[in-house]
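What follows is a short report on a single structure.
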Amino acid sequence: MTRRATGACGLLMAFAAAAFAETTLTNSWQVNLNSLNDSSPALAADGTIYVGTFDGKLWALNPNGSRKWVFRTKNEIKSSPAVAADGTIYFGSRDRRFYALASDGSKKWDFKTGGWVDSSPALASDGTVCFGSWDGNFYALSLAGVLKWKFPTGKPITSSPAITGDGLIVFGGHDQKFYALGPDGQKKWEFATAQSFHPPP
């Protein structure tokens with residue numbers, strides 16, 4: 001390395017160190033959920049924070065960290081919630097049910113599956129709610145919680161789906177396949193993977 005390059009590198013490191021030294025990170029607040037947690041938080045338009053815990057609770061927290069309400073299911077919540085434009089909160093639980101709650105914490109409806117629901121939901125532009133289950137089925141429900149269609153894979157689905165701008169629904173499964181479905185639930189294509197597919201696309 002030349003002397004000029006060495007000097008430039010040292011100068012950049014000095015600037016970085018100075019910037020870091022001037023940055024003080026503080027914790028605005030914290031809340032004890034009294035349980036383990038795998039669920040990623042979701043934010044509503046009004047700033048409410050929603051998160052699930054292993055003791056079967058979905059927490060709604062105000063922007064300042066205070067508790068707004070808690071909704072209890074009968075088993076662990078590993079599914080990360082999704083919040084629709086109208087404020088409805090969607091999530092799954094290991095009590096084998098998928099839930100829709102109003103913004104005040106009251107239950108709108110629930111839908112029973114044949115297995116744990118760890119998959120986080122995806123919301124289509126027409127309001128269709130999509131998610132997978134450990135029973136090996138991928139589900140699409142209407143806004144009223146009525147089954148529109150389901151796609152069987154034969155193995156658990158823990159991967160959370162993603163929906164493209166033209167309505168293509170993509171997700172992976174424990175059958176070592178990655179799927180693309182149309183809005184009507186018909187398979188467009190599948191891609192074989194070397195192992196079970198867990199992360200969201």
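Scheme for the structure tokens: letters A, B, ... for chains in order shown; per-chain residue numbers from 1; ligand numbers from 1 in order shown.
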Residue neighbourhood stretch 67-76 of chain A, 9 Å, only C-alpha atoms, exclusion window fewer than 6 positions, as a VMD selection string: chain A and resid 31 48 52 to 61 93 to 97 101 104 to 107
Members of stretch 60-198 of chain A assigned strand (DSSP E or B) by DSSP, as a ChimeraX atom specification: /A:60-61,67-72,82-83,89-92,97-101,107-112,122-123,129-132,137-141,147-152,162-163,169-172,177-181,187-192
Once you have the residues from the selection above, write them out as an mmCIF file, in the first residue's frame, restricted to C-alpha atoms.
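selection.cif was written with the following content:
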data_model
loop_
_atom_site.group_PDB
_atom_site.id
_atom_site.type_symbol
_atom_site.label_atom_id
_atom_site.label_comp_id
_atom_site.auth_asym_id
_atom_site.auth_seq_id
_atom_site.Cartn_x
_atom_site.Cartn_y
_atom_site.Cartn_z
ATOM 1 C CA ALA A 60 -50.729 -3.936 21.817
ATOM 2 C CA LEU A 61 -48.388 -1.204 23.058
ATOM 3 C CA ARG A 67 -49.831 -1.334 27.502
ATOM 4 C CA LYS A 68 -52.915 -0.689 25.391
ATOM 5 C CA TRP A 69 -54.443 -4.173 25.575
ATOM 6 C CA VAL A 70 -53.535 -7.886 25.529
ATOM 7 C CA PHE A 71 -55.350 -10.625 23.610
ATOM 8 C CA ARG A 72 -54.900 -14.211 24.788
ATOM 9 C CA ALA A 82 -49.822 -7.895 9.938
ATOM 10 C CA VAL A 83 -51.952 -4.759 10.124
ATOM 11 C CA ILE A 89 -54.618 -7.172 13.011
ATOM 12 C CA TYR A 90 -53.982 -10.633 11.532
ATOM 13 C CA PHE A 91 -51.776 -13.343 13.064
ATOM 14 C CA GLY A 92 -51.547 -17.084 13.708
ATOM 15 C CA ARG A 97 -56.025 -20.968 14.728
ATOM 16 C CA PHE A 98 -55.583 -17.837 12.657
ATOM 17 C CA TYR A 99 -57.012 -14.628 14.133
ATOM 18 C CA ALA A 100 -58.371 -11.281 13.010
ATOM 19 C CA LEU A 101 -58.682 -8.622 15.709
ATOM 20 C CA LYS A 107 -61.878 -10.621 18.087
ATOM 21 C CA LYS A 108 -63.463 -10.258 14.656
ATOM 22 C CA TRP A 109 -63.092 -13.936 13.774
ATOM 23 C CA ASP A 110 -60.790 -16.927 13.927
ATOM 24 C CA PHE A 111 -60.131 -19.719 11.453
ATOM 25 C CA LYS A 112 -59.162 -23.229 12.546
ATOM 26 C CA ALA A 122 -49.423 -11.513 3.795
ATOM 27 C CA LEU A 123 -52.247 -9.236 2.659
ATOM 28 C CA VAL A 129 -55.233 -12.907 3.761
ATOM 29 C CA CYS A 130 -52.617 -15.584 2.972
ATOM 30 C CA PHE A 131 -50.624 -17.819 5.324
ATOM 31 C CA GLY A 132 -49.264 -21.347 5.745
ATOM 32 C CA ASN A 137 -51.762 -26.353 3.557
ATOM 33 C CA PHE A 138 -51.382 -22.806 2.330
ATOM 34 C CA TYR A 139 -54.564 -20.827 3.006
ATOM 35 C CA ALA A 140 -56.268 -17.818 1.441
ATOM 36 C CA LEU A 141 -59.105 -16.277 3.459
ATOM 37 C CA LEU A 147 -61.849 -19.908 3.098
ATOM 38 C CA LYS A 148 -61.336 -18.832 -0.521
ATOM 39 C CA TRP A 149 -58.941 -21.649 -1.393
ATOM 40 C CA LYS A 150 -56.144 -23.750 0.015
ATOM 41 C CA PHE A 151 -53.079 -25.247 -1.655
ATOM 42 C CA PRO A 152 -51.727 -28.547 -0.246
ATOM 43 C CA ALA A 162 -44.772 -12.494 -0.083
ATOM 44 C CA ILE A 163 -47.105 -11.089 -2.737
ATOM 45 C CA ILE A 169 -47.943 -15.352 -4.082
ATOM 46 C CA VAL A 170 -44.554 -16.892 -3.251
ATOM 47 C CA PHE A 171 -43.519 -19.043 -0.276
ATOM 48 C CA GLY A 172 -41.442 -22.078 0.641
ATOM 49 C CA LYS A 177 -39.900 -26.631 -2.651
ATOM 50 C CA PHE A 178 -40.446 -22.939 -3.332
ATOM 51 C CA TYR A 179 -43.858 -22.115 -4.826
ATOM 52 C CA ALA A 180 -45.459 -19.375 -6.867
ATOM 53 C CA LEU A 181 -49.271 -19.330 -6.893
ATOM 54 C CA LYS A 187 -49.691 -23.142 -9.101
ATOM 55 C CA LYS A 188 -47.656 -21.105 -11.580
ATOM 56 C CA TRP A 189 -44.372 -22.876 -10.899
ATOM 57 C CA GLU A 190 -42.281 -24.543 -8.218
ATOM 58 C CA PHE A 191 -38.547 -24.691 -7.594
ATOM 59 C CA ALA A 192 -36.810 -27.558 -5.751
#
Would you please work out which residue, of A:Ser79, A:Thr88, A:Gly167, A:Gly65, is nearest to A:Asn27 when using only C-alpha atoms?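 For A:Asn27, the nearest of the given residues is A:Gly65.
Atom pair atom CA of A:Tyr50 / atom CA of A:Gly87: separated by 11.4 Å.
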Please, which residues of stretch 4-141 of chain A, numbered as in this document, come out helix (DSSP H, G or I) from DSSP, as a PyMOL selection string? chain A and resi 4-21
Write to file, as a CSV table (one decimal), in the first residue's frame, the residues of the selection just made, with C-alpha atoms.
chain,number,residue,atom,x,y,z
A,4,ARG,CA,-1.0,8.2,0.1
A,5,ALA,CA,-3.4,5.3,0.3
A,6,THR,CA,-2.4,4.6,3.9
A,7,GLY,CA,-3.0,8.2,4.8
A,8,ALA,CA,-6.5,8.3,3.1
A,9,CYS,CA,-7.5,5.1,4.9
A,10,GLY,CA,-6.3,6.5,8.2
A,11,LEU,CA,-8.3,9.7,7.6
A,12,LEU,CA,-11.5,7.8,6.8
A,13,MET,CA,-11.0,5.7,10.0
A,14,ALA,CA,-10.5,8.9,12.0
A,15,PHE,CA,-13.7,10.4,10.6
A,16,ALA,CA,-15.7,7.2,11.3
A,17,ALA,CA,-14.3,7.1,14.9
A,18,ALA,CA,-15.2,10.7,15.5
A,19,ALA,CA,-18.8,10.2,14.1
A,20,PHE,CA,-19.3,7.1,16.3
A,21,ALA,CA,-17.9,8.9,19.4
Nearest residue to A:Pro183 out of A:Gln195, A:Ser120, A:Asn64, A:Ser125, using only C-alpha atoms? A:Ser125
One decimal, in Å: what's the spacing between atom CA of A:Ser142 and atom CA of A:Ala45?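 According to the coordinates, atom CA of A:Ser142 and atom CA of A:Ala45 are separated by 22.2 Å.
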Could you list, as a ChimeraX atom specification, every residue within 6 Å of A:Gly115, counting only C-alpha atoms and ignoring same-chain residues fewer than 4 positions away? /A:96,133-135
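When only C-alpha atoms are used to compute distances to A:Pro81, the closest of the residues A:Thr24, A:Asn62, A:Ser160, A:Asn32 turns out to be A:Ser160.
One distance worth recording is that between atom CA of A:Ser103 and atom CA of A:Pro121, which is 16.9 Å.
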In terms of the shortest atom-to-atom distance over only C-alpha atoms, which of A:Asp175, A:Asp126, A:Asp86, A:Asp184 is closest to A:Thr153?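 Among A:Asp175, A:Asp126, A:Asp86, A:Asp184, it is A:Asp175 that comes nearest to A:Thr153.
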